[in-house]
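Structure file my_file29.cif with mmCIF, C-alpha atoms:
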```cif
data_entry
#
loop_
_atom_site.group_PDB
_atom_site.id
_atom_site.type_symbol
_atom_site.label_atom_id
_atom_site.label_comp_id
_atom_site.auth_asym_id
_atom_site.auth_seq_id
_atom_site.Cartn_x
_atom_site.Cartn_y
_atom_site.Cartn_z
ATOM 1 C CA MET B 14 48.579 79.939 133.809
ATOM 2 C CA ALA B 15 52.253 79.055 133.664
ATOM 3 C CA ARG B 16 54.172 80.217 130.599
ATOM 4 C CA SER B 17 57.714 79.276 129.706
ATOM 5 C CA ILE B 18 60.290 82.019 129.308
ATOM 6 C CA GLY B 19 60.671 81.167 125.619
ATOM 7 C CA ASN B 20 56.927 81.333 124.946
ATOM 8 C CA SER B 21 56.709 84.693 126.694
ATOM 9 C CA ILE B 22 59.514 86.079 124.533
ATOM 10 C CA ALA B 23 58.054 84.489 121.382
ATOM 11 C CA ASP B 24 54.745 86.278 122.068
ATOM 12 C CA SER B 25 56.567 89.599 121.913
ATOM 13 C CA LEU B 26 58.436 88.663 118.741
ATOM 14 C CA GLN B 27 55.181 87.567 117.074
ATOM 15 C CA LEU B 28 53.611 90.925 117.949
ATOM 16 C CA SER B 29 56.632 92.681 116.422
ATOM 17 C CA LEU B 30 56.412 90.582 113.255
ATOM 18 C CA ASN B 31 52.724 91.427 112.911
ATOM 19 C CA TYR B 32 53.553 95.136 113.345
ATOM 20 C CA ALA B 33 56.288 94.888 110.695
ATOM 21 C CA ASP B 34 53.729 93.396 108.290
ATOM 22 C CA ARG B 35 51.497 96.428 108.815
ATOM 23 C CA LEU B 36 54.445 98.808 108.345
ATOM 24 C CA LEU B 37 55.308 97.132 105.038
ATOM 25 C CA LYS B 38 51.842 97.653 103.541
ATOM 26 C CA GLU B 39 51.837 100.171 100.716
ATOM 27 C CA LEU B 40 55.578 100.712 101.107
ATOM 28 C CA PRO B 41 56.923 101.500 97.619
ATOM 29 C CA ALA B 42 59.859 99.311 96.568
ATOM 30 C CA ASP B 43 61.545 102.246 94.835
ATOM 31 C CA ARG B 44 61.751 104.099 98.198
ATOM 32 C CA PHE B 45 62.832 101.057 100.261
ATOM 33 C CA ALA B 46 66.526 102.016 100.429
ATOM 34 C CA ARG B 47 66.075 105.781 100.342
ATOM 35 C CA PHE B 48 66.306 108.320 103.123
ATOM 36 C CA ALA B 49 62.934 109.865 103.873
ATOM 37 C CA SER B 50 62.168 113.216 102.345
ATOM 38 C CA VAL B 51 59.620 115.852 103.233
ATOM 39 C CA GLY B 52 59.151 119.189 101.492
ATOM 40 C CA GLY B 53 62.419 118.773 99.610
ATOM 41 C CA THR B 54 64.393 118.118 102.807
ATOM 42 C CA THR B 55 66.118 114.774 103.192
ATOM 43 C CA VAL B 56 66.054 113.225 106.652
ATOM 44 C CA GLU B 57 69.166 111.131 107.306
ATOM 45 C CA SER B 58 67.649 108.360 109.359
ATOM 46 C CA ASN B 59 67.510 104.594 108.905
ATOM 47 C CA HIS B 60 65.427 103.649 105.866
ATOM 48 C CA PRO B 61 63.295 100.469 105.578
ATOM 49 C CA ALA B 62 66.026 98.424 103.855
ATOM 50 C CA PHE B 63 68.482 99.125 106.654
ATOM 51 C CA VAL B 64 65.966 98.575 109.458
ATOM 52 C CA LEU B 65 64.681 95.232 108.200
ATOM 53 C CA GLY B 66 68.059 94.064 106.936
ATOM 54 C CA HIS B 67 69.615 94.793 110.313
ATOM 55 C CA LEU B 68 66.814 92.997 112.139
ATOM 56 C CA ALA B 69 67.163 90.045 109.737
ATOM 57 C CA LEU B 70 70.521 89.296 111.393
ATOM 58 C CA TYR B 71 68.994 88.657 114.821
ATOM 59 C CA GLY B 72 66.408 85.905 114.234
ATOM 60 C CA PRO B 73 69.109 83.467 113.085
ATOM 61 C CA ARG B 74 71.252 84.453 116.080
ATOM 62 C CA ILE B 75 68.398 83.606 118.449
ATOM 63 C CA THR B 76 67.745 80.287 116.708
ATOM 64 C CA THR B 77 71.433 79.317 116.686
ATOM 65 C CA GLN B 78 71.939 80.180 120.346
ATOM 66 C CA LEU B 79 68.946 78.025 121.233
ATOM 67 C CA GLY B 80 70.442 75.039 119.425
ATOM 68 C CA GLY B 81 68.625 75.319 116.102
ATOM 69 C CA SER B 82 69.851 75.463 112.525
ATOM 70 C CA PRO B 83 68.448 78.651 111.027
ATOM 71 C CA THR B 84 68.240 79.729 107.428
ATOM 72 C CA PRO B 85 71.082 82.246 107.348
ATOM 73 C CA PRO B 86 70.599 85.599 105.662
ATOM 74 C CA PRO B 87 72.786 86.146 102.597
ATOM 75 C CA ALA B 88 76.453 86.670 103.518
ATOM 76 C CA SER B 89 76.321 90.204 102.094
ATOM 77 C CA PHE B 90 73.885 91.270 104.840
ATOM 78 C CA GLU B 91 76.567 91.383 107.540
ATOM 79 C CA LYS B 92 78.575 94.055 105.732
ATOM 80 C CA VAL B 93 75.700 96.447 104.994
ATOM 81 C CA PHE B 94 73.377 95.729 107.955
ATOM 82 C CA SER B 95 75.580 94.940 110.974
ATOM 83 C CA LYS B 96 75.491 97.001 114.145
ATOM 84 C CA ASP B 97 78.669 98.686 112.895
ATOM 85 C CA ALA B 98 77.309 99.546 109.433
ATOM 86 C CA THR B 99 76.098 103.018 108.559
ATOM 87 C CA CYS B 100 72.803 103.471 106.758
ATOM 88 C CA VAL B 101 73.267 105.362 103.501
ATOM 89 C CA ASP B 102 70.875 106.629 100.871
ATOM 90 C CA ASP B 103 70.816 104.312 97.839
ATOM 91 C CA PRO B 104 69.196 106.184 94.923
ATOM 92 C CA ALA B 105 70.727 103.880 92.286
ATOM 93 C CA GLY B 106 69.693 100.702 94.130
ATOM 94 C CA THR B 107 73.204 99.277 94.065
ATOM 95 C CA ILE B 108 74.144 99.151 97.763
ATOM 96 C CA TYR B 109 71.322 97.205 99.379
ATOM 97 C CA PRO B 110 69.561 93.991 98.324
ATOM 98 C CA ALA B 111 66.103 94.179 96.779
ATOM 99 C CA MET B 112 63.104 94.712 99.019
ATOM 100 C CA SER B 113 61.820 91.181 98.400
ATOM 101 C CA GLU B 114 65.142 89.634 99.493
ATOM 102 C CA VAL B 115 65.398 91.739 102.656
ATOM 103 C CA VAL B 116 61.783 91.139 103.666
ATOM 104 C CA LYS B 117 62.134 87.391 103.050
ATOM 105 C CA ALA B 118 65.275 87.168 105.217
ATOM 106 C CA PHE B 119 63.642 89.242 107.962
ATOM 107 C CA ARG B 120 60.430 87.202 107.980
ATOM 108 C CA THR B 121 62.188 83.823 107.784
ATOM 109 C CA GLY B 122 64.534 84.757 110.621
ATOM 110 C CA CYS B 123 61.673 85.900 112.835
ATOM 111 C CA GLU B 124 59.509 82.852 112.135
ATOM 112 C CA GLU B 125 62.362 80.445 112.859
ATOM 113 C CA ALA B 126 63.267 82.341 116.036
ATOM 114 C CA ILE B 127 59.653 82.203 117.231
ATOM 115 C CA SER B 128 59.663 78.440 116.751
ATOM 116 C CA ALA B 129 63.029 78.064 118.538
ATOM 117 C CA LEU B 130 61.856 80.235 121.434
ATOM 118 C CA ARG B 131 58.613 78.290 121.818
ATOM 119 C CA SER B 132 60.500 74.998 122.035
ATOM 120 C CA ALA B 133 63.285 76.216 124.356
ATOM 121 C CA SER B 134 63.208 74.971 127.926
ATOM 122 C CA ASP B 135 63.427 77.370 130.836
ATOM 123 C CA GLU B 136 66.708 75.665 131.700
ATOM 124 C CA THR B 137 68.099 76.605 128.284
ATOM 125 C CA MET B 138 66.934 80.192 128.710
ATOM 126 C CA GLN B 139 68.894 80.403 131.974
ATOM 127 C CA LYS B 140 72.190 79.527 130.267
ATOM 128 C CA ALA B 141 74.857 82.215 130.035
ATOM 129 C CA ASN B 142 74.708 84.719 127.213
ATOM 130 C CA PRO B 143 77.733 83.943 124.984
ATOM 131 C CA ALA B 144 78.339 87.651 124.300
ATOM 132 C CA GLU B 145 81.204 89.528 125.866
ATOM 133 C CA GLY B 146 81.588 92.942 127.410
ATOM 134 C CA ARG B 147 78.660 95.296 127.869
ATOM 135 C CA MET B 148 76.080 92.983 126.273
ATOM 136 C CA LEU B 149 76.956 90.216 128.715
ATOM 137 C CA GLU B 150 76.903 92.679 131.591
ATOM 138 C CA LEU B 151 73.455 93.971 130.616
ATOM 139 C CA PHE B 152 71.981 90.613 129.585
ATOM 140 C CA PRO B 153 73.618 87.715 131.480
ATOM 141 C CA THR B 154 71.353 84.883 130.255
ATOM 142 C CA LEU B 155 70.012 83.674 126.914
ATOM 143 C CA GLY B 156 66.541 84.581 128.144
ATOM 144 C CA SER B 157 67.520 88.153 128.916
ATOM 145 C CA ILE B 158 69.405 88.770 125.657
ATOM 146 C CA HIS B 159 66.675 87.188 123.539
ATOM 147 C CA GLY B 160 64.031 89.122 125.446
ATOM 148 C CA PHE B 161 65.902 92.255 124.354
ATOM 149 C CA TYR B 162 66.403 91.126 120.739
ATOM 150 C CA ALA B 163 62.741 90.094 120.360
ATOM 151 C CA GLY B 164 61.320 93.049 122.279
ATOM 152 C CA GLY B 165 63.120 96.350 122.829
ATOM 153 C CA HIS B 166 65.633 96.031 119.990
ATOM 154 C CA MET B 167 62.980 94.969 117.496
ATOM 155 C CA MET B 168 60.460 97.654 118.441
ATOM 156 C CA MET B 169 63.108 100.393 118.586
ATOM 157 C CA HIS B 170 64.000 99.730 114.961
ATOM 158 C CA LEU B 171 60.399 99.245 113.852
ATOM 159 C CA GLY B 172 59.733 102.664 115.402
ATOM 160 C CA GLN B 173 62.345 104.053 112.998
ATOM 161 C CA LEU B 174 60.435 102.473 110.126
ATOM 162 C CA SER B 175 57.190 103.954 111.430
ATOM 163 C CA ALA B 176 58.761 107.425 111.598
ATOM 164 C CA TRP B 177 60.191 106.979 108.076
ATOM 165 C CA ARG B 178 56.691 106.188 106.789
ATOM 166 C CA ARG B 179 55.216 109.303 108.378
ATOM 167 C CA ILE B 180 57.993 111.551 107.013
ATOM 168 C CA GLU B 181 57.279 110.081 103.577
ATOM 169 C CA GLY B 182 53.631 111.122 103.989
ATOM 170 C CA MET B 183 52.252 107.621 104.518
ATOM 171 C CA LYS B 184 49.374 106.881 106.870
ATOM 172 C CA PRO B 185 50.050 105.211 110.244
ATOM 173 C CA ALA B 186 50.321 101.433 110.102
#
```
Please re-express this file's structure in structure tokens.
Amino acid sequence: MARSIGNSIADSLQLSLNYADRLLKELPADRFARFASVGGTTVESNHPAFVLGHLALYGPRITTQLGGSPTPPPASFEKVFSKDATCVDDPAGTIYPAMSEVVKAFRTGCEEAISALRSASDETMQKANPAEGRMLELFPTLGSIHGFYAGGHMMMHLGQLSAWRRIEGMKPA
């Protein structure tokens, strides 16, 4: 059975979205932007707000680069969730957006990217990656960069969320 490049990548992104849904179950909103803690020791690692907020930036990027018009995440996301941002503990809930807003942006971005990937031609996926420097060197085509965004990058960060859950004493997703 022949599968387009975009459909193959979309399959991976759909799997990741399904996994994220499982990771979000029973996740308390009041811990969403908090570092994990076990036995009174705080673990300085990416918390759920940072993980999902960061990933919410990539679905729209995929959709845009494939010629679509995505629903952009709120402008404030770039400052607190970019690749250059540092995850910080937010006990007062004043640094990061609410859980519902972050999850909505993440889910919307993924769903729109899945649709854009499924409709992209193989010819489009062979176009040059518009990035510069190391990212262009590593991923020379749209297909290769979006394969990374929808696969390795997504699962790496969802693994952080999985570890956060376990440190917090939650069951596996």
So that I can see what lies close to stretch 15-24 of chain B, please list as a count of residues only the residues with an atom at most 7 Å from it, counting all atoms listed in the file and leaving out residues fewer than 6 positions away in the same chain. 9
Which of B:Asp97, B:Glu91, B:Glu125, B:Asp102 sits closest to B:Ser50 [using only C-alpha atoms]: B:Asp102
Counting only C-alpha atoms, closest pick from B:Ala176, B:Ala126, B:Ala98, B:Met167 relative to B:Tyr32 is B:Met167
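Atom CA of B:Ser157 is found 21.3 Å from atom CA of B:Gly172.
Residues captured in this structure file are B:Arg44, B:Phe45, B:Ala46, B:Phe48, B:His60, B:Asp102, B:Asp103, according to the PyMOL selection byres ((chain B and resi 47) around 6).
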Using only C-alpha atoms, the shortest atom-to-atom distance to B:Phe94 among B:Gly53, B:Gly106, B:Pro61, B:Pro153 belongs to B:Pro61
Point out the residue among B:Gln78, B:Thr99, B:Gln139, B:Gln27 with the least atom-to-atom distance to B:Ser58, counting only C-alpha atoms. B:Thr99
Would you mind listing what lies within 12 Å of B:Leu174 as a PyMOL selection string, with only C-alpha atoms counted and same-chain residues fewer than 6 positions away left out? chain B and resi 32-38+40+45-49+58-68+167-168+180-181+183+185-186
